[in-house]
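Colleague: This one is run_34.txt, compact mmCIF, C-alpha atoms.
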# COMPACT_ATOMS: atom_id res chain seq x y z
CA MET A 27 -30.60 11.76 14.44
CA PRO A 28 -33.36 9.63 15.94
CA ASP A 29 -33.18 6.02 14.92
CA ILE A 30 -36.72 4.72 14.75
CA GLY A 31 -36.02 1.65 12.63
CA GLY A 32 -33.81 -0.14 15.14
CA SER A 33 -30.33 -1.53 14.54
CA ASP A 34 -29.47 -2.95 11.13
CA LEU A 35 -30.10 -6.61 10.53
CA PHE A 36 -28.53 -6.82 7.11
CA VAL A 37 -26.60 -4.49 4.81
CA LEU A 38 -25.76 -5.16 1.16
CA ALA A 39 -23.59 -2.40 -0.24
CA PHE A 40 -22.64 -1.87 -3.88
CA GLY A 41 -20.30 1.01 -3.29
CA ASP A 42 -22.47 4.02 -2.58
CA ILE A 43 -25.72 2.28 -3.43
CA LEU A 44 -26.84 0.05 -0.60
CA HIS A 45 -29.77 -2.05 0.51
CA TYR A 46 -30.43 -2.68 4.14
CA PHE A 47 -32.98 -4.14 6.52
CA ASN A 48 -33.72 -3.07 10.04
CA PRO A 49 -36.54 -4.55 12.15
CA TYR A 50 -38.95 -1.86 10.91
CA THR A 51 -38.31 -2.20 7.17
CA ALA A 52 -37.94 -5.98 7.42
CA THR A 53 -41.46 -6.18 8.87
CA LEU A 54 -42.83 -4.04 6.05
CA PHE A 55 -40.91 -6.11 3.50
CA LEU A 56 -42.34 -9.35 4.86
CA LEU A 57 -45.84 -7.86 4.72
CA ALA A 58 -45.37 -6.98 1.04
CA LEU A 59 -43.91 -10.42 0.33
CA LEU A 60 -46.81 -12.17 2.08
CA PHE A 61 -49.41 -10.16 0.23
CA THR A 62 -47.70 -10.71 -3.13
CA GLY A 63 -47.88 -14.43 -2.42
CA LEU A 64 -51.58 -14.09 -1.64
CA VAL A 65 -52.17 -12.20 -4.89
CA ILE A 66 -50.42 -14.93 -6.86
CA ALA A 67 -52.43 -17.67 -5.16
CA SER A 68 -55.88 -16.15 -4.97
CA ARG A 69 -58.62 -15.91 -7.59
CA PRO A 70 -60.53 -12.71 -8.37
CA GLU A 71 -63.82 -12.06 -6.65
CA ARG A 72 -67.05 -12.19 -8.58
CA GLN A 73 -68.93 -9.01 -7.95
CA LEU A 74 -72.70 -9.08 -7.67
CA ASP A 75 -74.89 -6.04 -8.23
CA ILE A 76 -78.42 -6.15 -6.85
CA ALA A 77 -81.07 -4.82 -9.22
CA PHE A 78 -83.38 -2.60 -7.22
CA GLY A 79 -87.05 -3.45 -7.06
CA GLY A 80 -86.76 -7.14 -7.60
CA ASP A 81 -84.96 -10.32 -6.75
CA ALA A 82 -82.63 -10.09 -9.74
CA TYR A 83 -78.89 -9.43 -9.60
CA TYR A 84 -76.13 -8.92 -12.14
CA ALA A 85 -73.06 -11.10 -11.88
CA LYS A 86 -70.03 -9.25 -13.24
CA MET A 87 -67.53 -11.58 -14.82
CA THR A 88 -63.82 -10.85 -14.96
CA THR A 89 -62.37 -12.01 -18.27
CA VAL A 90 -59.21 -14.10 -18.25
CA SER A 91 -57.12 -11.52 -20.11
CA GLU A 92 -58.19 -8.77 -17.72
CA MET A 93 -57.51 -11.01 -14.73
CA ARG A 94 -54.03 -11.84 -16.08
CA PHE A 95 -53.15 -8.22 -16.66
CA ARG A 96 -54.34 -7.12 -13.23
CA ARG A 97 -52.60 -9.99 -11.52
CA PHE A 98 -49.37 -9.13 -13.33
CA MET A 99 -49.73 -5.49 -12.30
CA ALA A 100 -50.47 -6.48 -8.70
CA ILE A 101 -47.38 -8.71 -8.59
CA ALA A 102 -45.27 -5.92 -10.12
CA CYS A 103 -46.70 -3.57 -7.51
CA GLY A 104 -45.72 -6.02 -4.76
CA LEU A 105 -42.19 -6.29 -6.13
CA ALA A 106 -41.91 -2.50 -6.37
CA SER A 107 -43.07 -2.11 -2.75
CA MET A 108 -40.56 -4.73 -1.65
CA GLY A 109 -37.85 -2.82 -3.50
CA ALA A 110 -38.91 0.43 -1.86
CA MET A 111 -38.70 -1.26 1.56
CA ALA A 112 -35.24 -2.73 0.97
CA SER A 113 -33.56 0.19 -0.77
CA GLY A 114 -31.11 2.29 1.19
CA ASP A 115 -30.61 4.84 -1.56
CA ILE A 116 -33.01 7.76 -1.77
CA PHE A 117 -33.10 7.92 -5.55
CA ASN A 118 -33.72 4.18 -5.88
CA PHE A 119 -36.47 4.59 -3.31
CA THR A 120 -38.12 7.34 -5.38
CA LEU A 121 -37.89 5.18 -8.50
CA PHE A 122 -39.57 2.27 -6.70
CA VAL A 123 -42.24 4.62 -5.38
CA SER A 124 -43.03 5.93 -8.85
CA LEU A 125 -43.16 2.32 -10.06
CA VAL A 126 -45.74 1.67 -7.33
CA GLY A 127 -47.69 4.65 -8.66
CA ILE A 128 -47.63 3.36 -12.25
CA THR A 129 -48.63 -0.17 -11.28
CA ASN A 130 -51.46 1.17 -9.09
CA VAL A 131 -52.82 2.93 -12.16
CA GLY A 132 -52.34 -0.29 -14.13
CA ILE A 133 -54.24 -2.41 -11.60
CA VAL A 134 -57.42 -0.38 -11.98
CA SER A 135 -57.07 0.68 -15.61
CA ALA A 136 -57.53 -2.84 -17.00
CA VAL A 137 -61.21 -2.63 -16.07
CA ARG A 138 -63.15 -1.51 -19.12
CA ILE A 139 -65.77 0.48 -17.22
CA ARG A 140 -65.99 4.18 -17.98
CA HIS A 141 -66.26 5.57 -14.45
CA VAL A 142 -63.39 3.37 -13.30
CA LEU A 143 -61.25 4.57 -16.20
CA ASN A 144 -62.13 8.18 -15.42
CA ALA A 145 -61.01 7.79 -11.80
CA ALA A 146 -57.87 5.93 -12.89
CA TYR A 147 -57.05 8.74 -15.32
CA GLU A 148 -57.44 11.42 -12.66
CA TYR A 149 -55.32 9.43 -10.24
CA GLY A 150 -52.73 8.85 -12.96
CA ILE A 151 -52.41 12.58 -13.50
CA VAL A 152 -51.88 13.07 -9.75
CA ALA A 153 -49.27 10.32 -9.70
CA MET A 154 -47.49 11.81 -12.69
CA VAL A 155 -47.46 15.31 -11.26
CA ALA A 156 -46.17 13.89 -7.96
CA THR A 157 -42.92 12.83 -9.63
CA LEU A 158 -41.95 16.51 -9.53
CA PRO A 159 -41.73 16.83 -5.71
CA LEU A 160 -40.49 13.23 -5.47
CA PHE A 161 -37.48 13.57 -7.75
CA GLY A 162 -37.13 17.24 -6.87
CA GLY A 163 -36.75 16.34 -3.18
CA ALA A 164 -34.18 13.64 -3.93
CA ALA A 165 -32.26 16.01 -6.21
CA LEU A 166 -32.29 18.75 -3.55
CA ILE A 167 -30.95 16.34 -0.93
CA LEU A 168 -28.23 15.20 -3.33
CA GLY A 169 -27.43 18.79 -4.28
CA THR A 170 -27.00 20.03 -0.73
CA THR A 171 -25.37 17.02 0.92
CA GLY A 172 -23.61 15.27 -1.96
CA THR A 173 -24.87 11.81 -1.10
CA LEU A 174 -28.05 9.79 -1.50
CA SER A 175 -27.20 6.95 0.88
CA ILE A 176 -29.67 6.91 3.77
CA GLN A 177 -27.11 5.43 6.15
CA ALA A 178 -24.52 8.07 5.31
CA LEU A 179 -27.13 10.79 5.84
CA ALA A 180 -28.26 9.18 9.09
CA ALA A 181 -24.69 9.09 10.38
CA GLY A 182 -24.92 12.86 10.69
CA GLY A 183 -22.67 15.66 9.58
CA PHE A 184 -25.03 16.74 6.83
CA ALA A 185 -27.57 19.52 6.96
CA VAL A 186 -30.43 17.90 5.07
CA PRO A 187 -32.72 20.75 3.98
CA LEU A 188 -36.23 20.65 5.39
CA VAL A 189 -37.58 21.56 1.94
CA GLY A 190 -36.02 18.42 0.49
CA LYS A 191 -37.63 16.23 3.15
CA ALA A 192 -40.99 17.95 2.71
CA LEU A 193 -40.87 17.54 -1.08
CA LEU A 194 -39.96 13.87 -0.71
CA ALA A 195 -42.89 13.25 1.63
CA LEU A 196 -45.23 15.22 -0.63
CA GLY A 197 -44.13 13.18 -3.64
CA VAL A 198 -44.76 9.88 -1.85
CA ILE A 199 -48.19 11.11 -0.76
CA GLY A 200 -49.00 11.95 -4.38
CA GLU A 201 -47.80 8.59 -5.70
CA GLY A 202 -49.65 6.68 -3.01
CA MET A 203 -52.83 8.66 -3.56
CA ALA A 204 -54.81 5.67 -4.87
CA PRO A 205 -56.59 4.65 -1.65
CA PHE A 206 -57.87 8.19 -1.20
CA TYR A 207 -59.82 7.73 -4.38
CA ALA A 208 -61.63 5.08 -2.39
CA ALA A 209 -63.51 7.97 -0.85
CA LYS A 210 -64.95 8.57 -4.28
CA ALA A 211 -65.45 4.80 -4.53
CA GLU A 212 -65.45 4.85 -8.35
CA MET A 213 -62.08 3.24 -8.53
CA PHE A 214 -62.92 0.56 -6.00
CA ARG A 215 -66.25 -0.38 -7.46
CA ALA A 216 -64.19 -2.26 -10.01
CA PRO A 217 -64.55 -6.03 -9.66
CA GLY A 218 -61.58 -8.20 -8.70
CA ALA A 219 -60.91 -7.92 -4.99
CA PRO A 220 -57.38 -9.03 -4.14
CA TYR A 221 -55.74 -6.85 -6.78
CA VAL A 222 -57.39 -3.62 -5.73
CA ILE A 223 -56.34 -4.18 -2.12
CA MET A 224 -52.74 -4.25 -3.37
CA CYS A 225 -53.14 -0.50 -4.14
CA SER A 226 -54.03 0.24 -0.52
CA LEU A 227 -51.34 -1.98 0.93
CA SER A 228 -48.55 -0.65 -1.30
CA SER A 229 -49.39 2.97 -0.57
CA LEU A 230 -49.58 2.25 3.16
CA LEU A 231 -46.14 0.64 2.95
CA ILE A 232 -44.53 3.51 1.06
CA PHE A 233 -46.07 6.03 3.48
CA LEU A 234 -44.61 4.13 6.44
CA ARG A 235 -41.22 3.88 4.76
CA VAL A 236 -41.01 7.56 3.86
CA VAL A 237 -41.83 8.46 7.47
CA GLU A 238 -38.87 6.35 8.55
CA ILE A 239 -36.60 7.93 5.93
CA VAL A 240 -37.61 11.50 6.73
CA ILE A 241 -37.14 11.02 10.48
CA THR A 242 -33.87 9.11 10.10
CA ILE A 243 -31.98 11.40 7.72
CA MET B 9 -21.41 27.60 -8.43
CA ILE B 10 -23.86 28.01 -5.55
CA PRO B 11 -25.55 31.24 -6.81
CA VAL B 12 -26.03 29.64 -10.23
CA TYR B 13 -27.58 26.58 -8.61
CA SER B 14 -29.89 28.73 -6.47
CA LEU B 15 -30.86 30.79 -9.51
CA GLY B 16 -31.61 27.60 -11.43
CA LEU B 17 -33.68 26.30 -8.51
CA LEU B 18 -35.63 29.54 -8.49
CA GLY B 19 -36.30 29.19 -12.21
CA ALA B 20 -37.33 25.56 -11.82
CA PHE B 21 -39.70 26.38 -8.94
CA ALA B 22 -41.19 29.23 -10.98
CA SER B 23 -41.73 26.89 -13.95
CA ALA B 24 -43.30 24.34 -11.61
CA GLY B 25 -45.62 27.05 -10.29
CA ILE B 26 -46.66 28.00 -13.82
CA ALA B 27 -47.20 24.35 -14.76
CA PHE B 28 -49.30 23.66 -11.65
CA TYR B 29 -51.35 26.81 -12.21
CA ALA B 30 -52.02 25.77 -15.80
CA LEU B 31 -52.97 22.29 -14.63
CA MET B 32 -55.36 23.82 -12.10
CA ARG B 33 -57.07 26.00 -14.71
CA GLU B 34 -57.31 23.41 -17.46
CA THR B 35 -60.36 21.17 -17.56
CA ASP B 36 -60.00 19.33 -20.88
CA GLY B 37 -58.65 15.79 -20.38
CA LEU B 38 -56.19 15.70 -23.25
CA HIS B 39 -54.77 19.13 -22.48
CA ARG B 40 -54.22 18.13 -18.87
CA LEU B 41 -52.28 15.10 -20.07
CA LEU B 42 -50.08 17.37 -22.18
CA LEU B 43 -49.57 19.72 -19.23
CA THR B 44 -48.36 16.88 -17.01
CA ASP B 45 -45.55 16.46 -19.52
CA LEU B 46 -44.62 20.06 -18.78
CA VAL B 47 -44.32 19.09 -15.10
CA GLU B 48 -42.12 16.13 -16.09
CA VAL B 49 -39.71 18.43 -17.90
CA VAL B 50 -39.37 20.60 -14.77
CA THR B 51 -38.66 17.40 -12.80
CA LEU B 52 -35.79 16.59 -15.14
CA ALA B 53 -34.58 20.17 -14.81
CA PHE B 54 -34.38 19.71 -11.01
CA ILE B 55 -32.09 16.73 -11.49
CA ALA B 56 -30.12 18.31 -14.33
CA LEU B 57 -29.37 21.36 -12.17
CA LEU B 58 -26.95 19.27 -10.11
CA GLY B 59 -24.68 19.21 -13.13
CA THR B 60 -22.65 16.15 -12.09
CA ASP B 61 -22.05 12.77 -13.69
CA LEU B 62 -24.39 11.26 -11.11
CA ALA B 63 -27.15 13.66 -12.19
CA GLU B 64 -26.63 12.54 -15.77
CA ALA B 65 -27.06 8.95 -14.64
CA LEU B 66 -30.19 9.85 -12.65
CA ILE B 67 -31.89 11.71 -15.51
CA LEU B 68 -32.26 8.55 -17.57
CA PRO B 69 -34.43 6.64 -15.04
CA GLY B 70 -36.35 9.86 -14.37
CA LEU B 71 -37.03 10.21 -18.07
CA VAL B 72 -38.04 6.55 -18.37
CA VAL B 73 -40.49 6.90 -15.47
CA GLY B 74 -42.00 10.02 -17.02
CA VAL B 75 -42.34 8.48 -20.47
CA SER B 76 -43.84 5.26 -19.14
CA GLU B 77 -46.40 7.16 -17.07
CA LEU B 78 -47.24 9.29 -20.11
CA ILE B 79 -47.70 6.19 -22.29
CA ALA B 80 -49.86 4.47 -19.65
CA LEU B 81 -52.04 7.56 -19.20
CA SER B 82 -52.47 8.13 -22.94
CA GLU B 83 -53.50 4.50 -23.33
CA ILE B 84 -56.10 4.95 -20.57
CA PHE B 85 -57.28 8.17 -22.23
CA ARG B 86 -57.54 6.48 -25.62
CA ILE B 87 -59.65 3.62 -24.25
CA LYS B 88 -61.71 5.95 -22.05
CA GLU B 89 -62.64 8.15 -24.99
CA GLY B 90 -63.03 5.21 -27.35
CA TYR B 91 -60.47 6.25 -29.96
CA THR B 92 -59.81 3.09 -31.96
CA ARG B 93 -59.34 4.32 -35.54
CA PRO B 94 -55.80 3.57 -36.75
CA PRO B 95 -53.81 6.45 -38.25
CA ALA B 96 -53.55 6.89 -42.02
CA ASP B 97 -50.89 5.00 -43.99
CA THR B 98 -48.19 7.59 -44.71
CA LEU B 99 -47.77 11.32 -44.71
CA GLN B 100 -49.14 12.65 -47.98
CA ILE B 101 -46.70 15.48 -48.59
CA GLU B 102 -44.90 15.80 -51.91
CA VAL B 103 -41.51 16.82 -50.57
CA MET B 104 -41.50 13.70 -48.39
CA ASN B 105 -41.07 11.61 -51.54
CA THR B 106 -37.88 13.28 -52.71
CA ALA B 107 -36.05 14.69 -49.69
CA PRO B 108 -35.77 11.68 -47.32
CA PRO B 109 -32.92 9.73 -48.97
CA ILE B 110 -30.64 12.78 -49.06
CA LEU B 111 -31.46 14.01 -45.54
CA ALA B 112 -31.33 10.51 -44.09
CA ALA B 113 -27.95 9.86 -45.74
CA LEU B 114 -26.55 13.12 -44.40
CA LEU B 115 -27.77 12.38 -40.87
CA VAL B 116 -26.49 8.81 -40.96
CA ILE B 117 -23.05 9.90 -42.19
CA TYR B 118 -22.85 12.60 -39.51
CA GLY B 119 -23.97 10.05 -36.91
CA ILE B 120 -21.24 7.64 -37.95
CA ILE B 121 -18.68 10.44 -37.59
CA LEU B 122 -20.00 11.24 -34.09
CA SER B 123 -20.19 7.51 -33.18
CA GLY B 124 -21.31 6.21 -29.81
CA PHE B 125 -24.63 7.01 -28.16
CA SER B 126 -25.16 10.49 -29.59
CA GLY B 127 -24.07 9.33 -33.04
CA GLY B 128 -26.62 6.53 -32.83
CA ALA B 129 -29.28 9.04 -31.91
CA VAL B 130 -28.45 11.31 -34.87
CA ALA B 131 -28.23 8.46 -37.36
CA GLY B 132 -31.41 6.94 -35.89
CA LEU B 133 -33.18 10.23 -36.50
CA GLY B 134 -32.23 9.99 -40.16
CA VAL B 135 -33.53 6.45 -40.42
CA ILE B 136 -36.76 7.36 -38.57
CA PHE B 137 -37.31 10.18 -41.05
CA TYR B 138 -36.70 7.84 -43.97
CA PHE B 139 -39.10 5.19 -42.70
CA LEU B 140 -41.73 7.75 -41.70
CA SER B 141 -41.98 9.15 -45.19
CA ARG B 142 -41.58 5.87 -47.07
CA ASP B 143 -43.56 2.70 -46.87
CA PRO B 144 -41.43 0.60 -44.52
CA GLY B 145 -42.10 -2.78 -46.11
CA GLU B 146 -40.64 -5.76 -44.27
CA ARG B 147 -37.25 -4.72 -42.99
CA PHE B 148 -37.86 -5.64 -39.36
CA GLU B 149 -35.88 -8.90 -39.45
CA LEU B 150 -32.82 -7.14 -40.82
CA ILE B 151 -33.02 -4.34 -38.24
CA GLU B 152 -33.55 -6.78 -35.39
CA THR B 153 -30.64 -8.95 -36.50
CA ALA B 154 -28.29 -5.98 -36.75
CA SER B 155 -29.48 -4.75 -33.34
CA GLY B 156 -28.93 -8.14 -31.74
CA TYR B 157 -25.42 -8.59 -33.14
CA SER B 158 -24.42 -5.07 -32.10
CA TRP B 159 -25.65 -5.77 -28.57
CA VAL B 160 -23.46 -8.90 -28.47
CA LEU B 161 -20.48 -6.81 -29.66
CA TRP B 162 -21.19 -4.30 -26.91
CA ILE B 163 -21.19 -7.03 -24.25
CA ILE B 164 -17.96 -8.46 -25.70
CA ALA B 165 -16.43 -4.99 -25.41
CA PHE B 166 -17.38 -4.89 -21.74
CA PHE B 167 -15.74 -8.26 -21.14
CA ILE B 168 -12.59 -7.01 -22.89
CA PHE B 169 -12.59 -4.04 -20.50
CA MET B 170 -12.75 -6.36 -17.51
CA VAL B 171 -10.56 -9.26 -18.63
CA PHE B 172 -8.00 -7.63 -20.93
CA PRO B 173 -7.75 -4.01 -19.75
CA GLN B 174 -4.64 -3.45 -21.89
CA HIS B 175 -6.79 -3.67 -25.05
CA TRP B 176 -9.03 -0.85 -23.87
CA PHE B 177 -8.76 1.13 -27.13
CA PHE B 178 -10.08 -1.76 -29.20
CA ALA B 179 -12.92 -2.23 -26.69
CA VAL B 180 -13.81 1.47 -26.82
CA MET B 181 -14.01 1.35 -30.61
CA LEU B 182 -16.05 -1.86 -30.49
CA ALA B 183 -18.48 -0.49 -27.90
CA GLY B 184 -18.73 2.86 -29.70
CA SER B 185 -19.68 1.37 -33.05
CA ALA B 186 -21.93 -1.29 -31.49
CA ILE B 187 -23.90 1.25 -29.49
CA LEU B 188 -24.18 3.36 -32.66
CA VAL B 189 -25.87 0.51 -34.52
CA LYS B 190 -27.93 -0.49 -31.47
CA VAL B 191 -29.39 2.96 -30.81
CA MET B 192 -29.94 3.57 -34.50
CA ALA B 193 -31.81 0.28 -34.92
CA LYS B 194 -33.99 0.92 -31.90
CA MET B 195 -34.87 4.44 -32.99
CA SER B 196 -35.56 3.42 -36.56
CA LEU B 197 -38.31 1.08 -35.31
CA ILE B 198 -40.20 4.21 -34.19
CA GLY B 199 -40.34 5.33 -37.81
CA THR B 200 -42.19 2.17 -38.79
CA MET B 201 -44.81 2.45 -36.05
CA ARG B 202 -48.18 3.45 -37.44
CA GLY B 203 -50.47 1.42 -35.21
CA ASP B 204 -52.10 -1.84 -36.17
CA PRO B 205 -55.75 -2.01 -37.18
CA ASP B 206 -56.44 -4.29 -34.21
CA ALA B 207 -54.48 -2.27 -31.67
Is it possible to give me this structure as C-alpha cells?

Modeller:
Amino acid sequence: MPDIGGSDLFVLAFGDILHYFNPYTATLFLLALLFTGLVIASRPERQLDIAFGGDAYYAKMTTVSEMRFRRFMAIACGLASMGAMASGDIFNFTLFVSLVGITNVGIVSAVRIRHVLNAAYEYGIVAMVATLPLFGGAALILGTTGTLSIQALAAGGFAVPLVGKALLALGVIGEGMAPFYAAKAEMFRAPGAPYVIMCSLSSLLIFLRVVEIVITI
Amino acid sequence: MIPVYSLGLLGAFASAGIAFYALMRETDGLHRLLLTDLVEVVTLAFIALLGTDLAEALILPGLVVGVSELIALSEIFRIKEGYTRPPADTLQIEVMNTAPPILAALLVIYGIILSGFSGGAVAGLGVIFYFLSRDPGERFELIETASGYSWVLWIIAFFIFMVFPQHWFFAVMLAGSAILVKVMAKMSLIGTMRGDPDA
C-alpha cells in the first residue's frame, strides 16, 4: 500500500484503538490547533451593508450571546478536526467527522437571519444524510476485514472493499459540504468572520485526511 | 453467515435507496427532516448487520450522533419557522387519569426483575408514562439525588472490579442495580419535559 503520510512520528495505542501522527497528519493537526487559537483570541467582525442610492450604511451588530455560542461552536469544531487528524481508528474518525458536520451547522445557525437559517437547514439535512455513507463505509470495512485500525489495514493482508472506501469518501464530502454553500453565499453573508472561516478550514482538513486514509488502507 | 450478511446489506441498500428517493421527491421542510431520520435508521442497520459485540458498542455513538443532529436541525427549523408557542399543560384524556399508576407500577416491577440497563429502560418507560399523564410537580431534586447516588455506586462497582476482583459478584449486583436507578431516573426526566414558556 502506498504510504503518502510518511513514517510515524508518534503512536499512542489503547489496544486496538490507536492515535498516531505522521508528518502529514501532524501538519494538519497543527493547522487546526493554530486556527482554534486564533478563534479563541479574535473578535467577531462587524459587517457593514451599503444602502444603495446614498451615503448611508447599516452596521450589523453581533450580540454577545450569539458571539459566545458561535465561538464555542468554532472551538468545538477545531477540537473535532484535531481529533479527526489524530485518530488512527476509522470509526473514531467518522465520529469526529460527523461532529465537525454538527458544529459547522451550529456555527451558522446561531445567526437569527432567515436566509442564513434556511441555508443552514439545507446543509444540516445534507450533513445528516451523509452519516449513512460515512458509517456505512466504516461498517463495511469492519465487516469485510475485521479491524478498524488504519495501521493494521495499511500493513496489508486485507482486501479492503472499494465500495467501503468510496462510501467513506462520499460521507466525508457530505459532512464537509459547508463551504460549497458558499457558492450560494447565503450562509456566508452571516456576520462574524473568524467563526465562519472555521467551517471552510475544518472541511478542508477532513477532506485531506480522508484522502490519506483512503490511499493508505 | 456470509449470505445472510450479503442479504442484509442488499436490504439496507434498498432501504437507503427508498429513503433517498423519498428525500428527493419531498419538498416540505418538516417532512424532509422526518425523512432524514429514516436515513439514520438505515445507518444503524448497516452497523447492526455486523452482529458482533463491537457493532453493539458502535451503534451507541452512531445513535447519539443521529439524535444530536436531529435535535439541532429541529431547533433550527423551529426558529426558522418562528414556532415559539409552548405545548399545552398535560394530555387531556380521561383514561390517563386512572391507568398510569397501575401500568407504571407493572413496568417498574418488571424492570426491577430485569435489572441492569434494559431493566432501567423498562422501568424508566413506566415512570415517563406516569409523569406524562400526571402533573409532575417538583420531584426533580429527588430524582437527581437518586441518579447521582446510583452513579457513585456504579463507579464504586467498577473500582471493586479492578481492585478486588474476587468480589466480582457483589460488584455485578451493585452495578446492575445502580444502572437500573440511573437509567430510570434519566428517562423519567423526559416525562416531565413540556417546554418552558421562555424556551

Colleague: Excluding same-chain residues fewer than 3 positions from Glu77 in chain B, what lies within 8 Å of it counting all atoms listed in the file, as a list in words?

Modeller: Ile128, Gly150 and Met154 of chain A; Val73, Gly74, Ala80 and Leu81 of chain B

Colleague: How many Å lie between CA of Thr51 in chain A and CA of Met111 in chain A, rounded to one decimal?

Modeller: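 Here the two named atoms are 5.7 Å from each other.
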
Colleague: With the cut-off set at 9 Å and counting only C-alpha atoms, tabulate each residue of chain B with an atom at most that distance from an atom of chain A, showing the nearest atom pair and its distance in Å to one decimal, ordered by chain and increasing number, as a tab-separated table.

Modeller:
residue	atom	partner	partner_atom	distance
B:Tyr13	CA	A:Gly169	CA	8.9
B:Ala24	CA	A:Leu158	CA	8.2
B:Phe28	CA	A:Val155	CA	8.6
B:Gly37	CA	A:Tyr147	CA	8.8
B:Arg40	CA	A:Ile151	CA	7.9
B:Leu41	CA	A:Ile151	CA	7.0
B:Thr44	CA	A:Val155	CA	6.0
B:Asp45	CA	A:Met154	CA	8.5
B:Val47	CA	A:Val155	CA	6.2
B:Glu48	CA	A:Leu158	CA	6.6
B:Val49	CA	A:Leu158	CA	8.9
B:Val50	CA	A:Leu158	CA	7.1
B:Thr51	CA	A:Leu158	CA	4.7
B:Leu52	CA	A:Phe161	CA	8.2
B:Ala53	CA	A:Gly162	CA	8.8
B:Phe54	CA	A:Gly162	CA	5.6
B:Ile55	CA	A:Ala165	CA	5.3
B:Ala56	CA	A:Ala165	CA	8.7
B:Leu57	CA	A:Ala165	CA	8.5
B:Leu58	CA	A:Gly169	CA	5.9
B:Ala63	CA	A:Ala165	CA	8.2
B:Leu66	CA	A:Phe117	CA	7.9
B:Pro69	CA	A:Leu121	CA	7.5
B:Gly70	CA	A:Leu121	CA	7.7
B:Val73	CA	A:Ser124	CA	7.2
B:Gly74	CA	A:Met154	CA	7.2
B:Ser76	CA	A:Ile128	CA	8.1
B:Glu77	CA	A:Ile128	CA	6.3
B:Leu78	CA	A:Met154	CA	7.8
B:Ala80	CA	A:Gly132	CA	7.7
B:Leu81	CA	A:Gly150	CA	6.4
B:Ser82	CA	A:Tyr147	CA	8.9
B:Ile84	CA	A:Tyr147	CA	6.5
B:Phe85	CA	A:Tyr147	CA	6.9
B:Ile87	CA	A:Arg138	CA	8.1
B:Lys88	CA	A:Leu143	CA	6.0
B:Glu89	CA	A:Arg140	CA	8.7

Colleague: Taking 6 positions as the minimum chain separation for residues in the same chain, which residues sit within 12 Å of Met224 in chain A when counting only C-alpha atoms? Answer as a VMD selection string.

Modeller: chain A and resid 57 to 66 96 to 107 126 to 127 129 to 134 202 204 to 205 214 218 230 to 231

Colleague: Could you check how far CA of Thr153 in chain B sits from CA of Val191 in chain B, in Å to one decimal?

Modeller: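 Taking CA of Thr153 in chain B and CA of Val191 in chain B, their separation equals 13.3 Å.
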
Colleague: Pick out the closest residue to Ala131 in chain B from this set: B:Met195, B:Ala107, B:Leu62, B:Ile163. Count only C-alpha atoms.

Modeller: B:Met195
